[in-house]
file start.txt (compact mmCIF, C-alpha atoms)
# COMPACT_ATOMS: atom_id res chain seq x y z
CA MET F 1 -13.13 32.48 -17.08
CA THR F 2 -13.52 30.79 -13.69
CA THR F 3 -11.05 28.48 -12.00
CA GLU F 4 -11.37 26.14 -9.05
CA SER F 5 -9.94 27.37 -5.76
CA THR F 6 -7.08 25.40 -4.25
CA THR F 7 -9.28 23.79 -1.63
CA THR F 8 -12.13 22.87 -3.99
CA ALA F 9 -10.02 21.60 -6.92
CA ARG F 10 -9.97 17.84 -7.35
CA PRO F 11 -7.12 16.69 -5.07
CA VAL F 12 -6.10 13.62 -7.11
CA ARG F 13 -6.19 13.52 -10.90
CA ARG F 14 -5.84 10.41 -13.03
CA VAL F 15 -3.01 10.51 -15.54
CA SER F 16 -5.24 8.70 -18.05
CA ASN F 17 -8.76 7.37 -18.46
CA GLU F 18 -7.18 3.97 -19.15
CA PRO F 19 -5.12 1.70 -16.89
CA VAL F 20 -1.36 2.07 -17.03
CA VAL F 21 -1.18 -1.73 -16.72
CA SER F 22 -4.12 -3.88 -17.82
CA ALA F 23 -5.19 -7.41 -16.96
CA GLY F 24 -3.83 -9.98 -19.41
CA SER F 25 -0.85 -7.85 -20.46
CA VAL F 26 1.67 -10.55 -19.39
CA PRO F 27 1.48 -14.07 -20.87
CA GLY F 28 0.34 -16.61 -18.27
CA TYR F 29 -1.42 -14.03 -16.11
CA GLY F 30 -4.89 -12.55 -15.90
CA PRO F 31 -5.44 -9.76 -13.36
CA ILE F 32 -2.45 -7.49 -12.66
CA PHE F 33 -3.17 -5.00 -9.89
CA ASN F 34 -2.35 -3.64 -6.39
CA ALA F 35 1.16 -2.47 -7.20
CA GLY F 36 3.97 -0.93 -5.19
CA LEU F 37 6.16 1.76 -6.74
CA LEU F 38 9.84 2.63 -6.55
CA HIS F 39 11.91 5.21 -8.45
CA HIS F 40 15.44 3.88 -8.83
CA ALA F 41 18.31 4.70 -11.20
CA GLY F 42 16.18 7.01 -13.34
CA ARG F 43 13.32 4.56 -13.81
CA TYR F 44 9.98 3.85 -12.20
CA HIS F 45 9.62 0.24 -11.12
CA LEU F 46 6.10 -1.08 -10.62
CA PHE F 47 5.84 -4.18 -8.40
CA ALA F 48 2.42 -5.67 -9.18
CA ARG F 49 0.41 -8.62 -7.97
CA ALA F 50 -0.23 -10.89 -10.96
CA VAL F 51 -2.80 -13.70 -10.77
CA ARG F 52 -2.05 -16.82 -12.81
CA ASP F 53 -4.59 -17.18 -15.60
CA SER F 54 -5.62 -20.69 -14.51
CA TYR F 55 -7.95 -19.25 -11.84
CA ARG F 56 -11.71 -19.61 -12.24
CA PRO F 57 -14.92 -18.56 -10.47
CA ASN F 58 -16.16 -20.81 -7.69
CA ASP F 59 -19.79 -21.77 -8.20
CA GLY F 60 -20.03 -23.43 -4.80
CA PRO F 61 -19.47 -22.37 -1.20
CA GLY F 62 -16.13 -21.01 -0.06
CA PRO F 63 -13.83 -18.53 -1.76
CA ARG F 64 -14.91 -16.41 -4.71
CA PHE F 65 -12.29 -18.00 -7.00
CA LEU F 66 -10.48 -21.32 -7.23
CA ASP F 67 -6.78 -21.84 -8.08
CA TYR F 68 -6.28 -18.16 -7.34
CA VAL F 69 -2.51 -17.86 -7.02
CA SER F 70 -0.52 -14.66 -7.43
CA ASP F 71 3.12 -13.84 -8.12
CA ILE F 72 4.90 -10.49 -8.14
CA VAL F 73 5.87 -9.08 -11.53
CA VAL F 74 7.84 -5.93 -12.32
CA PHE F 75 7.09 -3.28 -14.94
CA GLU F 76 9.40 -0.39 -15.78
CA SER F 77 8.84 3.14 -17.04
CA LEU F 78 10.82 6.29 -17.76
CA ASP F 79 7.94 8.69 -17.12
CA GLY F 80 5.75 6.83 -14.61
CA ARG F 81 2.90 6.71 -17.10
CA SER F 82 3.86 4.21 -19.83
CA TYR F 83 5.01 0.86 -18.45
CA GLU F 84 6.53 -2.22 -20.04
CA PHE F 85 6.73 -5.67 -18.49
CA ALA F 86 10.27 -6.49 -17.36
CA TYR F 87 10.36 -9.76 -15.36
CA VAL F 88 8.81 -11.93 -12.69
CA LEU F 89 10.30 -11.02 -9.32
CA ALA F 90 8.79 -13.71 -7.08
CA ARG F 91 6.71 -16.80 -7.78
CA ALA F 92 4.31 -18.41 -5.38
CA GLY F 93 6.00 -21.45 -3.86
CA ASP F 94 9.44 -19.80 -3.79
CA HIS F 95 11.07 -18.53 -0.60
CA GLY F 96 8.58 -20.50 1.48
CA VAL F 97 5.67 -18.29 0.39
CA ASP F 98 2.54 -20.01 -0.96
CA CYS F 99 1.06 -16.84 -2.44
CA PHE F 100 2.38 -13.26 -2.73
CA GLU F 101 -0.24 -10.51 -2.55
CA ASP F 102 -0.23 -6.70 -2.61
CA PRO F 103 3.46 -5.71 -2.51
CA ARG F 104 4.61 -2.36 -1.13
CA VAL F 105 8.23 -1.31 -1.71
CA GLN F 106 9.98 1.19 0.53
CA LEU F 107 13.47 2.58 1.12
CA VAL F 108 13.97 2.58 4.89
CA CYS F 109 16.81 4.67 6.35
CA ASP F 110 17.23 3.62 9.98
CA ARG F 111 20.04 4.22 12.49
CA VAL F 112 22.15 1.56 10.78
CA GLY F 113 21.80 2.46 7.11
CA GLU F 114 19.56 2.15 4.06
CA HIS F 115 17.45 -0.91 3.37
CA LEU F 116 15.13 -1.65 0.47
CA VAL F 117 12.14 -3.49 1.90
CA MET F 118 9.21 -5.17 0.21
CA THR F 119 6.21 -5.94 2.39
CA TYR F 120 3.31 -8.04 1.13
CA THR F 121 0.46 -10.22 2.31
CA ASN F 122 1.69 -13.77 2.78
CA LEU F 123 -1.27 -15.99 2.02
CA PRO F 124 -0.69 -19.50 3.40
CA GLY F 125 -1.63 -22.64 1.53
CA SER F 126 -3.86 -23.91 4.34
CA PRO F 127 -7.21 -22.22 5.04
CA ASP F 128 -6.63 -22.93 8.73
CA GLU F 129 -3.67 -20.55 8.85
CA PRO F 130 -4.17 -16.76 8.94
CA TRP F 131 -2.71 -14.42 6.36
CA ARG F 132 0.35 -12.61 7.67
CA VAL F 133 2.58 -9.68 6.80
CA GLY F 134 5.51 -11.00 4.77
CA ALA F 135 8.66 -8.99 4.17
CA HIS F 136 11.82 -9.37 2.12
CA LEU F 137 14.87 -7.25 1.57
CA LEU F 138 15.53 -6.45 -2.08
CA ASP F 139 18.83 -6.24 -3.95
CA HIS F 140 19.54 -4.63 -7.32
CA ASP F 141 22.27 -6.14 -9.49
CA GLY F 142 22.44 -3.22 -11.93
CA GLU F 143 19.87 -4.82 -14.22
CA ARG F 144 17.01 -6.00 -12.03
CA PHE F 145 15.79 -6.50 -8.48
CA HIS F 146 16.04 -9.77 -6.59
CA LEU F 147 14.67 -11.00 -3.30
CA ASP F 148 17.51 -11.40 -0.81
CA PRO F 149 17.14 -15.08 0.17
CA ARG F 150 18.49 -14.25 3.66
CA GLY F 151 16.06 -11.40 4.18
CA GLY F 152 12.62 -13.00 4.40
CA SER F 153 10.53 -12.65 7.54
CA LEU F 154 6.98 -12.79 8.85
CA LEU F 155 6.19 -9.58 10.70
CA GLY F 156 3.55 -9.06 13.35
CA PRO F 157 1.89 -11.34 15.89
CA ASP F 158 1.79 -15.06 15.27
CA GLY F 159 -1.61 -16.62 14.67
CA VAL F 160 -3.41 -13.32 13.94
CA LYS F 161 -4.80 -12.11 10.60
CA ASP F 162 -2.64 -9.12 9.73
CA LYS F 163 -1.96 -7.31 6.43
CA ASP F 164 -1.68 -3.93 4.64
CA ALA F 165 1.75 -3.17 6.13
CA VAL F 166 4.13 -0.32 5.37
CA VAL F 167 7.53 0.27 6.96
CA PHE F 168 9.20 3.67 7.37
CA ALA F 169 11.76 5.48 9.48
CA LEU F 170 10.83 8.01 12.13
CA ALA F 171 12.78 11.26 12.52
CA ASP F 172 15.15 9.78 15.13
CA GLY F 173 16.02 6.70 13.04
CA ARG F 174 13.66 4.29 14.74
CA VAL F 175 11.51 2.15 12.44
CA ALA F 176 7.72 2.08 12.41
CA LEU F 177 5.41 -0.59 11.06
CA VAL F 178 1.85 0.43 10.25
CA HIS F 179 -0.29 -2.67 9.88
CA ARG F 180 -3.96 -3.69 9.88
CA ILE F 181 -5.60 -5.99 12.38
CA HIS F 182 -9.18 -5.60 11.22
CA PRO F 183 -10.82 -3.13 11.14
CA ASP F 184 -8.28 -0.52 12.31
CA MET F 185 -4.72 0.56 11.53
CA GLN F 186 -2.08 0.11 14.23
CA ILE F 187 1.52 1.24 14.64
CA ALA F 188 4.44 -0.64 16.17
CA VAL F 189 7.82 1.07 16.75
CA PHE F 190 11.26 -0.58 16.82
CA ASP F 191 14.85 0.46 17.49
CA ASP F 192 15.83 -0.35 13.90
CA LEU F 193 14.95 -2.71 11.04
CA HIS F 194 16.83 -5.60 12.67
CA HIS F 195 14.65 -5.20 15.76
CA LEU F 196 11.51 -5.31 13.61
CA TRP F 197 12.75 -8.35 11.71
CA ASN F 198 13.53 -10.23 14.93
CA ALA F 199 10.85 -9.02 17.34
CA GLU F 200 9.97 -11.87 19.68
CA GLN F 201 6.47 -13.08 20.45
CA GLU F 202 6.63 -11.33 23.83
CA TYR F 203 6.79 -7.99 22.01
CA TRP F 204 3.71 -8.86 19.99
CA ASP F 205 1.85 -10.28 23.00
CA ALA F 206 2.28 -6.92 24.73
CA HIS F 207 1.23 -5.13 21.53
CA LEU F 208 -1.97 -7.19 21.30
CA ALA F 209 -2.73 -6.75 24.99
CA THR F 210 -2.76 -2.96 24.53
CA LEU F 211 -3.97 -2.81 20.92
CA ASP F 212 -6.15 0.26 21.50
CA LEU F 213 -3.06 2.22 22.54
CA HIS F 214 -1.37 1.31 19.25
CA THR F 215 -4.39 2.03 17.05
CA ILE F 216 -3.81 5.19 15.03
CA VAL F 217 -6.66 5.32 12.51
CA ARG F 218 -10.14 3.83 12.74
CA PRO F 219 -12.75 3.57 9.97
CA SER F 220 -15.08 6.52 9.64
CA PRO F 221 -18.60 5.96 11.04
CA GLY F 222 -20.32 3.14 9.16
CA ALA F 223 -17.24 2.12 7.14
CA LEU F 224 -16.24 -1.55 7.10
CA GLY F 225 -12.47 -1.26 7.39
CA ILE F 226 -9.28 0.55 6.45
CA GLY F 227 -5.66 -0.27 5.69
CA ALA F 228 -2.38 1.43 4.93
CA GLY F 229 -1.72 2.02 1.26
CA ALA F 230 1.55 3.54 0.11
CA PRO F 231 4.66 4.03 2.26
CA PRO F 232 4.45 7.59 3.65
CA VAL F 233 5.69 10.56 1.63
CA VAL F 234 7.87 13.03 3.56
CA SER F 235 6.59 16.61 3.61
CA SER F 236 7.55 19.78 5.47
CA GLU F 237 4.66 19.24 7.89
CA GLY F 238 4.85 15.52 8.49
CA LEU F 239 4.37 12.22 6.69
CA LEU F 240 1.59 11.86 4.11
CA LEU F 241 0.01 8.43 4.50
CA PHE F 242 -2.31 7.43 1.66
CA PHE F 243 -4.64 4.64 2.75
CA HIS F 244 -7.78 2.85 1.64
CA GLU F 245 -11.18 2.72 3.30
CA ARG F 246 -14.01 0.34 2.53
CA ARG F 247 -17.27 2.22 2.90
CA ALA F 248 -20.52 0.73 4.20
CA ASP F 249 -21.64 0.19 0.58
CA GLY F 250 -18.49 -1.86 -0.11
CA VAL F 251 -16.76 0.79 -2.23
CA TYR F 252 -12.98 1.17 -1.69
CA THR F 253 -11.68 4.74 -1.71
CA MET F 254 -8.30 6.49 -1.50
CA ASN F 255 -7.85 8.54 1.69
CA LEU F 256 -5.16 10.60 3.43
CA ALA F 257 -3.72 11.18 6.90
CA LEU F 258 -0.83 13.39 8.04
CA LEU F 259 1.43 11.58 10.50
CA ASP F 260 3.85 13.11 12.98
CA ALA F 261 7.42 12.42 11.81
CA ASP F 262 8.61 11.81 15.38
CA THR F 263 5.93 9.36 16.51
CA GLY F 264 4.14 8.13 13.39
CA ARG F 265 0.81 9.09 14.96
CA PRO F 266 -1.84 11.13 13.14
CA ILE F 267 -1.85 14.91 13.26
CA VAL F 268 -4.98 15.14 11.13
CA ILE F 269 -7.05 12.83 8.93
CA LEU F 270 -9.03 14.10 5.96
CA ASP F 271 -12.69 13.24 6.29
CA GLN F 272 -13.28 13.14 2.53
CA ALA F 273 -11.90 10.62 0.05
CA LEU F 274 -9.25 11.75 -2.41
CA LEU F 275 -10.34 9.32 -5.11
CA GLU F 276 -13.17 6.83 -5.56
CA PRO F 277 -14.11 4.43 -8.36
CA GLU F 278 -15.66 6.26 -11.31
CA LEU F 279 -14.37 4.74 -14.56
CA ASP F 280 -15.70 1.41 -15.83
CA TRP F 281 -12.43 -0.42 -15.21
CA GLU F 282 -12.41 0.83 -11.61
CA ARG F 283 -16.07 -0.01 -11.03
CA PHE F 284 -16.38 -3.47 -12.62
CA GLY F 285 -13.99 -6.40 -12.28
CA ASP F 286 -13.25 -9.36 -10.06
CA VAL F 287 -14.15 -7.13 -7.10
CA ASP F 288 -16.32 -4.20 -8.14
CA ASP F 289 -15.81 -0.59 -7.07
CA VAL F 290 -12.21 -0.62 -5.88
CA VAL F 291 -9.39 1.89 -5.99
CA PHE F 292 -6.61 0.54 -3.78
CA VAL F 293 -3.57 2.79 -3.40
CA GLN F 294 -0.19 1.14 -2.82
CA GLY F 295 2.50 3.32 -4.37
CA ALA F 296 3.50 6.98 -4.02
CA HIS F 297 6.56 8.86 -5.24
CA LEU F 298 7.40 12.56 -4.82
CA GLN F 299 8.77 13.75 -8.15
CA ASP F 300 11.75 16.01 -8.73
CA ASP F 301 9.69 19.22 -8.74
CA GLY F 302 9.13 18.69 -5.01
CA ASP F 303 5.36 19.04 -5.36
CA THR F 304 3.91 16.41 -7.71
CA ILE F 305 3.18 13.05 -6.09
CA LEU F 306 2.72 10.13 -8.48
CA LEU F 307 0.27 7.57 -7.10
CA VAL F 308 -0.48 4.06 -8.35
CA TYR F 309 -3.52 2.07 -7.36
CA GLY F 310 -5.24 -1.22 -8.04
CA ALA F 311 -8.61 -1.03 -9.81
CA ALA F 312 -11.42 -3.59 -9.36
CA ASP F 313 -8.80 -6.30 -8.64
CA ARG F 314 -7.94 -6.34 -12.36
CA HIS F 315 -5.75 -3.39 -13.40
CA VAL F 316 -3.30 -0.71 -12.27
CA GLY F 317 -4.18 2.96 -12.51
CA ALA F 318 -2.04 6.04 -11.95
CA ALA F 319 -2.82 9.53 -10.71
CA THR F 320 -1.07 12.66 -9.48
CA ALA F 321 -1.58 15.03 -6.58
CA SER F 322 0.01 18.31 -5.53
CA MET F 323 1.71 18.21 -2.14
CA ARG F 324 0.94 21.91 -1.61
CA HIS F 325 -2.73 21.28 -2.31
CA LEU F 326 -2.89 18.26 0.01
CA LEU F 327 -1.17 20.14 2.83
CA GLU F 328 -3.62 23.01 2.44
CA LEU F 329 -6.53 20.57 2.66
CA LEU F 330 -5.01 19.08 5.80
CA ARG F 331 -4.51 22.52 7.35
CA VAL F 332 -8.15 23.38 6.71
CA ALA F 333 -9.24 20.04 8.18
CA SER F 334 -7.07 20.64 11.24
CA SER F 335 -8.52 24.12 11.68
CA ASP F 336 -12.06 22.79 11.34
CA ASP F 337 -11.33 20.11 13.95
CA GLY F 338 -10.06 22.80 16.31
CA GLU F 339 -13.14 24.93 15.80
CA THR F 340 -15.38 21.91 16.42
CA SER F 341 -13.50 21.06 19.61
CA SER F 342 -13.72 24.67 20.82
CA ALA F 343 -17.44 24.81 20.09
CA ALA F 344 -17.97 21.54 21.93

call {"tool": "encode", "arguments": {"input": "start.txt", "output": "C-alpha cells"}}
result
Amino acid sequence: MTTESTTTARPVRRVSNEPVVSAGSVPGYGPIFNAGLLHHAGRYHLFARAVRDSYRPNDGPGPRFLDYVSDIVVFESLDGRSYEFAYVLARAGDHGVDCFEDPRVQLVCDRVGEHLVMTYTNLPGSPDEPWRVGAHLLDHDGERFHLDPRGGSLLGPDGVKDKDAVVFALADGRVALVHRIHPDMQIAVFDDLHHLWNAEQEYWDAHLATLDLHTIVRPSPGALGIGAGAPPVVSSEGLLLFFHERRADGVYTMNLALLDADTGRPIVILDQALLEPELDWERFGDVDDVVFVQGAHLQDDGDTILLVYGAADRHVGAATASMRHLLELLRVASSDDGETSSAA
C-alpha cells in the first residue's frame, strides 16, 4: 500500500462533493455565496452574500445582470458541515448601504479590547461612485448577531475602488487592514481599531502616494488580480492568509501566504494554488470557474482549519486543511526561494 507524502498530499480537501449551502435555499433569494465564517458559543455562523431572486441577465450593454442586489444572511451549524438558515442580518438599503457584498467576519483583539468586525464590499447605488470597503461592528444578544448602528464606517481612501478587506491585530496590538486596490494587495497599519475607523483623508493620501511601499502581494506572472480571502489564522510561524487569485484564463483559485505576525508582511507565498474549480457547481454558474475563499477557522484539535468558499457566484463550499501540512509546504517554498536566490 502506498500513501502520499506530506508535501505531495492534496493540501485542501473538500468536506463534500456538494455545496454546504446551495443557491435558492432561502425563500426570496437566488445565489448564496462568498461567505464569512465565525465560531461563537459552540456554533459555526456562516455570513453569506444572498442575491435577491428578482435579478435577471442583461441582454444589452453594461453589467452582466440587472436588479442584482444582495443582502447578508446567516446560517448556523454545530459541525461546520451541515448548515441551516437562521436569519437575515443586513438588507440592502439599511444602514446607508445600497448593496452588501462578500462579508468577512473577524474577532480583532487590539490594545483596547476585543471587537467583532464585519468587513464587506459596499456597492453604491450610483455607477459613478466606486465600490468601497464597508465595515460594521457586530453585537450578539444571546440569540443572534446584529449590526451595531453606531459602528458603520467606510474604510480606505475616498474616491478609489477598493475591496477584499480583512482586519486583524498584529503581535503588539496594532491593527492591520489588508485591502485590494487592483491588481495588488496592500497593507495599512493603525494604532488600534478606533484609529482605523477614523483615519483621515491625509492618512490615505500618504498611503496612495507610496502605494508600492504598502503593497505586500502581487499577482503571479500573467494573472489578472488577487485579493485577501479569509481573516488570517494564527500559527506558530506566523499568520496564514488565504487569498484568491484570478489566473490569466479567468479561473479563480485559493492561494496561501504566510505573514509576519509583527508587521503583517509576507514571509513566504506559495506558488501553487491550494484549490481550484473542479466540480460542476464550482465550474459553472453566474461566473464560471470560481472558488473564492472568505472564511477560515482553526478547530479545537489545533491542526484542522475549516475553510468556506464561494463557488461560481452561486453556492458555498467547505473544505479542510492541516496546519502542519500547510506550514511544511511553506517551509519548503521558503527553502526553495533561498536556494534560488543563492544560485542567482

call {"tool": "residues_around", "arguments": {"input": "start.txt", "residues": "Leu279 of chain F", "least_positions_apart": "2", "cutoff": "12 Å", "atoms": "all atoms listed in the file", "output": "list in words"}}
result
Arg14, Ser16, Asn17, Glu18, Pro19, Leu275, Glu276, Pro277, Trp281, Glu282, Arg283, Phe284, Gly285, Asp288, Asp289, Val290, Val291, Ala311, Ala312, His315 and Gly317 of chain F

call {"tool": "closest_residue", "arguments": {"input": "start.txt", "among": "F:Arg52, F:Arg81, F:Arg324, F:His136", "to": "Val167 of chain F", "atoms": "all atoms listed in the file"}}
result
F:His136

call {"tool": "closest_residue", "arguments": {"input": "start.txt", "among": "F:Pro221, F:Gly310, F:Gly36, F:Pro183", "to": "Gln106 of chain F", "atoms": "all atoms listed in the file"}}
result
F:Gly36

call {"tool": "closest_residue", "arguments": {"input": "start.txt", "among": "F:Arg174, F:Arg314, F:His244, F:His194", "to": "Asn34 of chain F", "atoms": "all atoms listed in the file"}}
result
F:Arg314

call {"tool": "residues_around", "arguments": {"input": "start.txt", "residues": "Ala165 of chain F", "least_positions_apart": "2", "cutoff": "10 Å", "atoms": "all atoms listed in the file", "output": "PyMOL selection string"}}
result
chain F and resi 102-104+118-121+132-135+155-156+162-163+167+177-180+185-187+227-231

call {"tool": "axis_aligned_box", "arguments": {"input": "start.txt", "around": "segment 12-27 of chain F", "padding_each_side": "4 Å", "output": "JSON"}}
result
{"center_x": -3.5, "center_y": -0.2, "center_z": -14.0, "size_x": 18.4, "size_y": 35.7, "size_z": 21.8}

call {"tool": "closest_residue", "arguments": {"input": "start.txt", "among": "F:Gln299, F:Ser153, F:Ser22, F:Ser220", "to": "Ala199 of chain F", "atoms": "all atoms listed in the file"}}
result
F:Ser153

call {"tool": "closest_residue", "arguments": {"input": "start.txt", "among": "F:Phe168, F:Phe145, F:Phe85, F:Trp197", "to": "His40 of chain F", "atoms": "all atoms listed in the file"}}
result
F:Phe145

call {"tool": "atom_distance", "arguments": {"input": "start.txt", "atom1": "atom CA of Ala188 of chain F", "atom2": "atom CA of His214 of chain F"}}
result
6.9 Å
